[in-house]
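To start, the structure under review is shown below, and the notes come after it.
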Amino acid sequence: MDDQGGTRPDLLSLKPTAAPRLPLALLARSRLMAKLDCTAETVLICAPAGYGKTVLLSQWLEGRMHEVAWLSPNQHNRDALWPAILQALRRCPAIPAGALRQFSGLEEVAVDALADLARELTDIGSTVRLVIDGVDGFAPEERDYWIPALLNQPSLPIHLALAYRNSTVVDPGPFRLGGRVVELGSKDLAFTLDDINVLAAKTTTLMGTHQLRELFRQTAGWPACVVLALRYLREAADPESPLGDVAANNRQLSDYLDQQIHRTLSDEQRHVLSSTSVCRVVVAAQANALAGQRNAGSILTSLADDRDLVESIGSGRKAFLVHPLIRAFYKAELGRKEPDELLAYNRLAAQWHERAGEPEAALRHAIDAMDNGLIAEVLERHGAALLGSGEVLQVRRAVAALPDAVFAASRKLCVVAALAHVESRQPTTAGRYMAAANRNRADDPPPDLRELQALAKARLAWFSDGWKDQDPQVALDNAALRSSRQSDVRIEARMVKVTAALVEGKYGAAETEAAAALIDAAEAGNAYLAGKVYLKLAATHSMQGQLRLASEFLRLAEDNLPAQAWTAGAGRSVGALMHASSALLRAEPAEALQFAATGITELGQLGSSSKGAGAAMRTTLDIITACAHLDSGDRRNALEGMRQARLRVGKDHLFAQPLAACIAVIEHTAALALGHTDHAREVLEWAEERIPGTGELCLLRAQGPAGISRFDAATERLRPLHTGAVKPLLEWTRIHVNVLECSMAIRTGRRAMGGKLLEEALQIAGELDVLRPLAIAPREVIDLLVERAGTYGAQEVLAQRLLALHPPTDDGRTQSLTPREREVLMLLPSHLSQEQMATELHLSVNTVKTHIRLIYSKLGAGSRHDAVAAAYKTGYLP
């Protein structure tokens, strides 16, 4: 049997019939059909059992079976290839009855027999497709004699289609050079992720996206195994549950692999596959060590070249990747039948990887070997370096596997554990390990241990409630970390310096130190630490209100930090915070709320600290949340939420100055806009104490008088900003100043001056990618914006984004749509997402979003449904 769920045409009947196999035949495989249609002569399909060779040939030849002669071996006719070919040809409808009666089936000279056959078929004008399905099922002497003869008979009006499992069975030889052969292998026949999705739908198997991806990863698209797995999952019918190990948990799949693969292998091949099943990738020397025999690498090579169960990869094809299902099958068999051997193989693998200088793999195998002594040894020798390369989850997994007694005996293990939890933003747990390290003092610890302990102490200080009483830089300088022989320690030390500069508001020094750390990371080839530096630079620019630069560095951080590090380390919480801040200041409150919710969820232990980095992050997220609710139209409790966040920002708060400036401007502006003058006065008094001598305080002092038309007083209070006597802490404060002055100019009849100030505000907003100060501008500023629409040159797109945030003109007239907006509008009645609409129109998603905002504005709509209804009413949609 080749394919799950069916049998080949029987040799006894040799009836030229298609061999449909449900559910494999449910897929059309148009890509493969097109490839087969390109050949005029020979088709060779070589793949292990269950790859759908028979089904593919049946689908390809469907509708042309009258010219097909189909044969396959069975247990009674393995030694009779030539008679089987004759019998198949005689049953082919394209060959007249009795046309081949001169052949007895006992012919011994292949060249002569095939020459006579060629003349006979030529005389009757017949060209036949001869399918030999399962060539390797015939006796070796038969196929090795007749198959080459068939391939080497150019005058024979027979087109061959040969299917087999072992590549040594057929050698196309020189025919490859002439382009006379189409060859398909297991990679061609394997299902794609899309194929599995379609098959799941057609077999009514309810699956979640994560399950589909995991099924594809585990099976690598092996068709018969995908079918069996889908049957198993259809019975489970839970698209949300984890897929689990399909080779270990699915009895039918395991039995299939046992019958079709395991039993066809030699004892030696089975042993090599079993002993190496603990490794994802294996090289010959490693395979030899695990299998305990010197020819294990050669066996893997033959399995790669002949059986297609193993893939040779890497430079020189010296490394081997066993098919994931085969590896999982043998690993599961070991776990069931020989669990001690499974542990022993993992122990051998850990030792081999450590000798080979591969500590991550060594630690992983040590954990799987459940050998606490080995885990501790690898972790003590390589734990710090693994953290420096981003293997945070693996180190934490190892730490969790060890009993407390192991840490009590090793100061270095305690420090490594502390650093792992600092990296994961879990300061409480890190503090416990640091306390254990301090209890376990050595008289004269080695330099590398002193450096690690100083680094852990310095990094942990930022998360402590008493961070201000500690000086991380002193710890770094005392340990001379900047001259450490360990590159990752030097880079981490520089990043502590970056944080220290940010705390003091020395942004230039922070950028200089970060640039040096980036150079070190590049020289060391450490993408993980480079990603962390980019994250620091994103924070540096975000704290100055330079949102465009902050977003660019955040993107670089996301590109460099691997997914698991982004989740386990600083990336997810800090990244969510900066995304939330950017969305709020781009006037996208709904997105800001989503990112803020993610950031709060990811704070973990940081969320409980009253000071330090955790408190600063929580306060910022609370400010963003309250402000986003306000901008979304949900004014209930928004001001009170801002007040509660503000009251948590003390003078000794980490990053107190930029935080205070941010909340003071946002809360004061909101209070005045809502008519809460007492609340605004409270914010001003608080700001005078927290951010004296800043541009933000000048703005707040001017906003009150401007609101009651005391324009001279407001202008006077803004004067220090224009003379340079004071500077804003946040770059986007300048947009607020321009909006305020624009409003005053309009209200005093200086409309031309107002236009100039509005243009300046748009320019600054474009540079910083900050739209909110203009989005919440007074009505007179928005009216001027509308009046001057189309005159903003390079800032016109930004101006249109702003206009899209506001309702249409008061006279009720609908503004005309541009041709591109009409194209977008035509897609709104569909169920296409914005991403799909962008693909359809060959635009970026952001451009589509901008057009949709403009459409909403021009049609006076607040939702997609309203826009469609308005478009039908106004005639934009037929």
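Note on naming: chains are A, B, ... as they come in the structure tokens, residues start from 1 per chain, ligands start from 1 in the order shown.
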| request: Mind checking which residues fall within 9 Å of range 44-50 of chain A, counting only C-alpha atoms, ignoring those fewer than 3 positions away in the same chain, and posting them as a PyMOL selection string? | output: chain A and resi 1-4+53+160-167+170+172+181-187+189+222-225+260-261+307-309
| task | Pick out the residues sitting within 8 Å of Ile663 in chain A, and hand them over as a list of chain:residue names; count only C-alpha atoms, and ignore anything fewer than 5 positions along from it in its own chain. | result |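 Surrounding residues, per the criterion: A:Ile623, A:Met642, A:Arg646.
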Using all heavy atoms, can you write the selected residues to a file as a compact mmCIF listing (two decimals), in the first residue's frame?
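For reference, selection_1.txt as written:
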# COMPACT_ATOMS: atom_id res chain seq x y z
N ILE A 623 -1.71 56.68 32.72
CA ILE A 623 -1.94 57.98 32.08
C ILE A 623 -2.46 57.79 30.66
O ILE A 623 -3.45 58.43 30.24
CB ILE A 623 -0.63 58.81 32.06
CG1 ILE A 623 -0.19 59.17 33.48
CG2 ILE A 623 -0.80 60.07 31.22
CD1 ILE A 623 1.22 59.73 33.54
N MET A 642 -6.51 60.32 35.46
CA MET A 642 -5.28 61.09 35.29
C MET A 642 -4.78 61.62 36.64
O MET A 642 -3.58 61.59 36.93
CB MET A 642 -5.51 62.26 34.33
CG MET A 642 -5.80 61.85 32.90
SD MET A 642 -6.00 63.32 31.84
CE MET A 642 -6.82 62.58 30.44
N ARG A 646 -1.24 60.88 38.37
CA ARG A 646 -0.36 62.02 38.68
C ARG A 646 0.09 62.02 40.13
O ARG A 646 1.26 62.28 40.44
CB ARG A 646 -1.08 63.33 38.35
CG ARG A 646 -0.39 64.58 38.86
CD ARG A 646 -1.00 65.84 38.31
NE ARG A 646 -2.43 65.90 38.48
CZ ARG A 646 -3.04 66.30 39.60
NH1 ARG A 646 -2.33 66.66 40.66
NH2 ARG A 646 -4.36 66.36 39.65
| request: Just the helix (DSSP H, G or I) stuff from range 473-617 of chain A, please, per backbone DSSP, written as a PyMOL selection string. | output: chain A and resi 473-479+481-483+487-503+507-524+527-543+547-560+563-568+571-585+589-602+604-608+612-617
| request: For CA of Leu584 in chain A and CA of Gln703 in chain A, quote the distance in Å rounded to one decimal. | output: 21.5 Å
| message | Which residues are near Ser104 in chain A? Cut-off 9 Å, only C-alpha atoms, ignore same chain within fewer than 3 positions. Put them as a PyMOL selection string. | response | chain A and resi 83+86+100-101+107
Write the residues of the preceding selection, restricted to all heavy atoms, as an mmCIF file, in the first residue's frame.
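Below you can see again.cif, which holds the result:
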data_model
loop_
_atom_site.group_PDB
_atom_site.id
_atom_site.type_symbol
_atom_site.label_atom_id
_atom_site.label_comp_id
_atom_site.auth_asym_id
_atom_site.auth_seq_id
_atom_site.Cartn_x
_atom_site.Cartn_y
_atom_site.Cartn_z
ATOM 1 N N PRO A 83 6.122 -10.025 -18.185
ATOM 2 C CA PRO A 83 4.749 -10.510 -18.415
ATOM 3 C C PRO A 83 3.692 -9.531 -17.884
ATOM 4 O O PRO A 83 2.630 -9.380 -18.488
ATOM 5 C CB PRO A 83 4.700 -11.831 -17.636
ATOM 6 C CG PRO A 83 6.114 -12.285 -17.588
ATOM 7 C CD PRO A 83 6.931 -11.022 -17.473
ATOM 8 N N LEU A 86 3.269 -6.767 -20.430
ATOM 9 C CA LEU A 86 2.495 -7.243 -21.574
ATOM 10 C C LEU A 86 1.008 -7.328 -21.247
ATOM 11 O O LEU A 86 0.152 -6.897 -22.020
ATOM 12 C CB LEU A 86 3.007 -8.611 -22.019
ATOM 13 C CG LEU A 86 4.330 -8.620 -22.797
ATOM 14 C CD1 LEU A 86 4.763 -10.052 -23.081
ATOM 15 C CD2 LEU A 86 4.179 -7.837 -24.106
ATOM 16 N N LEU A 100 -0.982 -7.875 -29.661
ATOM 17 C CA LEU A 100 0.334 -8.248 -29.117
ATOM 18 C C LEU A 100 0.434 -9.753 -28.892
ATOM 19 O O LEU A 100 1.210 -10.209 -28.053
ATOM 20 C CB LEU A 100 0.578 -7.499 -27.789
ATOM 21 C CG LEU A 100 0.482 -5.968 -27.846
ATOM 22 C CD1 LEU A 100 0.725 -5.381 -26.457
ATOM 23 C CD2 LEU A 100 1.468 -5.391 -28.849
ATOM 24 N N ARG A 101 -0.326 -10.541 -29.686
ATOM 25 C CA ARG A 101 -0.339 -11.987 -29.400
ATOM 26 C C ARG A 101 0.982 -12.667 -29.727
ATOM 27 O O ARG A 101 1.236 -13.777 -29.273
ATOM 28 C CB ARG A 101 -1.509 -12.638 -30.122
ATOM 29 C CG ARG A 101 -1.308 -12.948 -31.575
ATOM 30 C CD ARG A 101 -2.381 -13.916 -32.079
ATOM 31 N NE ARG A 101 -3.721 -13.443 -31.793
ATOM 32 C CZ ARG A 101 -4.467 -12.772 -32.666
ATOM 33 N NH1 ARG A 101 -3.999 -12.496 -33.869
ATOM 34 N NH2 ARG A 101 -5.663 -12.361 -32.347
ATOM 35 N N GLU A 107 10.118 -13.769 -23.301
ATOM 36 C CA GLU A 107 11.261 -13.182 -23.995
ATOM 37 C C GLU A 107 12.353 -12.835 -22.975
ATOM 38 O O GLU A 107 12.070 -12.300 -21.900
ATOM 39 C CB GLU A 107 10.839 -11.924 -24.755
ATOM 40 C CG GLU A 107 9.980 -12.185 -25.987
ATOM 41 C CD GLU A 107 8.533 -12.474 -25.667
ATOM 42 O OE1 GLU A 107 8.160 -12.345 -24.478
ATOM 43 O OE2 GLU A 107 7.772 -12.843 -26.580
#
| Could you name the residues that touch range 700-702 of chain A at 6 Å or less, counting only C-alpha atoms, but leaving out those on the same chain fewer than 2 positions away, as an MDAnalysis selection string? | chainID A and resid 697:698 704:705 714 717
| query | Using only C-alpha atoms, which residues sit within 12 Å of Gly179 in chain A once same-chain residues fewer than 4 positions away are excluded, as a list of chain:residue names? | reply |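 Near Gly179 in chain A, the qualifying residues are A:Cys38, A:Thr39, A:Ala40, A:Glu41, A:Thr42, A:Val43, A:Pro172, A:Gly173, A:Pro174, A:Phe175, A:Glu183.
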| query | Which of these residues is nearest to Asp631 in chain A, using only C-alpha atoms: A:Ala319, A:Leu556, A:Ala500, A:Leu805? | reply | A:Leu805
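Straight-line separation from CA of Met33 in chain A to CA of Trp60 in chain A: 6.1 Å.
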| What's the 9 Å shell around Leu114 in chain A, counting only C-alpha atoms, without same-chain residues fewer than 6 positions away, as a ChimeraX atom specification? | /A:149-150,153,156
| What is the CA of Glu787 in chain A-CA of Pro773 in chain A distance in Å, reported with one decimal? | 18.9 Å
| message | Applying 9 Å and only C-alpha atoms, which residues near Ile326 in chain A remain after dropping the ones on its own chain fewer than 2 positions away? List them as JSON, numbers by chain. | response | {"A": [247, 257, 261, 262, 273, 277, 309, 310, 322, 323, 324, 328, 329, 330, 331]}
Store the residues picked out above, limited to all heavy atoms, as a compact mmCIF listing (two decimals), in the first residue's frame.
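That gives us out_1.txt:
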# COMPACT_ATOMS: atom_id res chain seq x y z
N ALA A 247 2.73 12.21 16.78
CA ALA A 247 3.34 10.89 16.60
C ALA A 247 3.23 10.06 17.87
O ALA A 247 3.13 8.83 17.82
CB ALA A 247 4.80 11.03 16.19
N LEU A 257 3.31 4.55 10.78
CA LEU A 257 4.76 4.73 10.67
C LEU A 257 5.49 3.43 10.98
O LEU A 257 6.52 3.12 10.37
CB LEU A 257 5.22 5.85 11.60
CG LEU A 257 4.76 7.26 11.23
CD1 LEU A 257 5.13 8.26 12.32
CD2 LEU A 257 5.36 7.70 9.90
N ILE A 261 7.20 2.36 7.58
CA ILE A 261 8.58 2.85 7.62
C ILE A 261 9.46 1.97 8.49
O ILE A 261 10.44 1.38 8.02
CB ILE A 261 8.63 4.31 8.14
CG1 ILE A 261 7.75 5.21 7.27
CG2 ILE A 261 10.07 4.81 8.17
CD1 ILE A 261 8.15 5.30 5.83
N HIS A 262 9.10 1.86 9.77
CA HIS A 262 9.97 1.15 10.72
C HIS A 262 10.28 -0.28 10.27
O HIS A 262 11.44 -0.71 10.30
CB HIS A 262 9.29 1.16 12.11
CG HIS A 262 10.02 0.36 13.14
ND1 HIS A 262 11.21 0.80 13.72
CD2 HIS A 262 9.74 -0.85 13.70
CE1 HIS A 262 11.61 -0.11 14.59
NE2 HIS A 262 10.75 -1.12 14.60
N LEU A 273 18.49 5.78 13.95
CA LEU A 273 17.38 6.74 14.05
C LEU A 273 16.88 6.88 15.48
O LEU A 273 16.53 7.97 15.93
CB LEU A 273 16.23 6.31 13.13
CG LEU A 273 16.47 6.46 11.63
CD1 LEU A 273 15.33 5.85 10.83
CD2 LEU A 273 16.65 7.92 11.25
N SER A 277 17.35 10.36 17.87
CA SER A 277 16.05 11.02 17.88
C SER A 277 15.96 12.13 18.93
O SER A 277 15.03 12.94 18.89
CB SER A 277 14.93 10.00 18.14
OG SER A 277 15.05 9.42 19.43
N LEU A 309 14.17 9.93 4.02
CA LEU A 309 13.65 10.06 5.39
C LEU A 309 14.49 11.03 6.20
O LEU A 309 14.11 11.42 7.30
CB LEU A 309 13.64 8.69 6.09
CG LEU A 309 12.80 7.61 5.42
CD1 LEU A 309 12.97 6.29 6.14
CD2 LEU A 309 11.33 8.02 5.40
N VAL A 310 15.64 11.40 5.65
CA VAL A 310 16.58 12.29 6.32
C VAL A 310 16.99 13.32 5.28
O VAL A 310 17.05 13.02 4.08
CB VAL A 310 17.82 11.52 6.84
CG1 VAL A 310 18.84 12.46 7.45
CG2 VAL A 310 17.39 10.46 7.86
N VAL A 322 16.60 14.69 10.50
CA VAL A 322 15.67 13.58 10.33
C VAL A 322 14.27 14.15 10.19
O VAL A 322 13.91 15.13 10.84
CB VAL A 322 15.76 12.61 11.54
CG1 VAL A 322 14.75 11.47 11.39
CG2 VAL A 322 17.17 12.06 11.67
N HIS A 323 13.47 13.54 9.32
CA HIS A 323 12.09 14.01 9.15
C HIS A 323 11.43 14.11 10.53
O HIS A 323 11.55 13.20 11.35
CB HIS A 323 11.31 13.04 8.27
CG HIS A 323 9.99 13.57 7.82
ND1 HIS A 323 8.91 13.70 8.67
CD2 HIS A 323 9.56 14.03 6.61
CE1 HIS A 323 7.88 14.19 8.01
NE2 HIS A 323 8.25 14.41 6.75
N PRO A 324 10.73 15.23 10.81
CA PRO A 324 10.21 15.43 12.17
C PRO A 324 9.31 14.31 12.66
O PRO A 324 9.33 13.98 13.85
CB PRO A 324 9.45 16.77 12.06
CG PRO A 324 9.28 17.03 10.61
CD PRO A 324 10.42 16.38 9.93
N ALA A 328 10.11 12.03 15.85
CA ALA A 328 9.13 11.99 16.94
C ALA A 328 8.69 10.55 17.22
O ALA A 328 8.48 10.17 18.38
CB ALA A 328 7.93 12.85 16.58
N PHE A 329 8.54 9.74 16.15
CA PHE A 329 8.13 8.35 16.32
C PHE A 329 9.15 7.59 17.17
O PHE A 329 8.79 6.92 18.15
CB PHE A 329 7.96 7.69 14.95
CG PHE A 329 7.80 6.19 15.01
CD1 PHE A 329 6.56 5.63 15.30
CD2 PHE A 329 8.88 5.35 14.77
CE1 PHE A 329 6.41 4.24 15.36
CE2 PHE A 329 8.74 3.97 14.82
CZ PHE A 329 7.50 3.41 15.11
N TYR A 330 10.43 7.69 16.81
CA TYR A 330 11.45 6.93 17.55
C TYR A 330 11.66 7.48 18.96
O TYR A 330 11.90 6.72 19.90
CB TYR A 330 12.76 6.93 16.76
CG TYR A 330 12.75 5.91 15.64
CD1 TYR A 330 12.58 6.31 14.32
CD2 TYR A 330 12.89 4.56 15.91
CE1 TYR A 330 12.54 5.38 13.29
CE2 TYR A 330 12.85 3.62 14.89
CZ TYR A 330 12.67 4.03 13.58
OH TYR A 330 12.63 3.09 12.58
N LYS A 331 11.52 8.78 19.11
CA LYS A 331 11.65 9.35 20.45
C LYS A 331 10.50 8.89 21.35
O LYS A 331 10.70 8.56 22.53
CB LYS A 331 11.68 10.88 20.36
CG LYS A 331 12.03 11.57 21.67
CD LYS A 331 12.16 13.07 21.46
CE LYS A 331 12.52 13.76 22.78
NZ LYS A 331 12.64 15.24 22.60
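Minimum atom-to-atom distances from A:Ser484, A:Ala583, A:Leu740, A:Glu689 to Ala706 in chain A were compared using only C-alpha atoms, and the lowest value belongs to A:Leu740.
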| field | Every residue of range 310-530 of chain A that DSSP places in strand (DSSP E), as a PyMOL selection string | value | chain A and resi 310-313+319-322
| query | Which residue gives the smallest distance to Ala616 in chain A among A:Leu825, A:Ala400, A:Leu762, A:Leu603, with only C-alpha atoms counted? | reply | A:Leu603
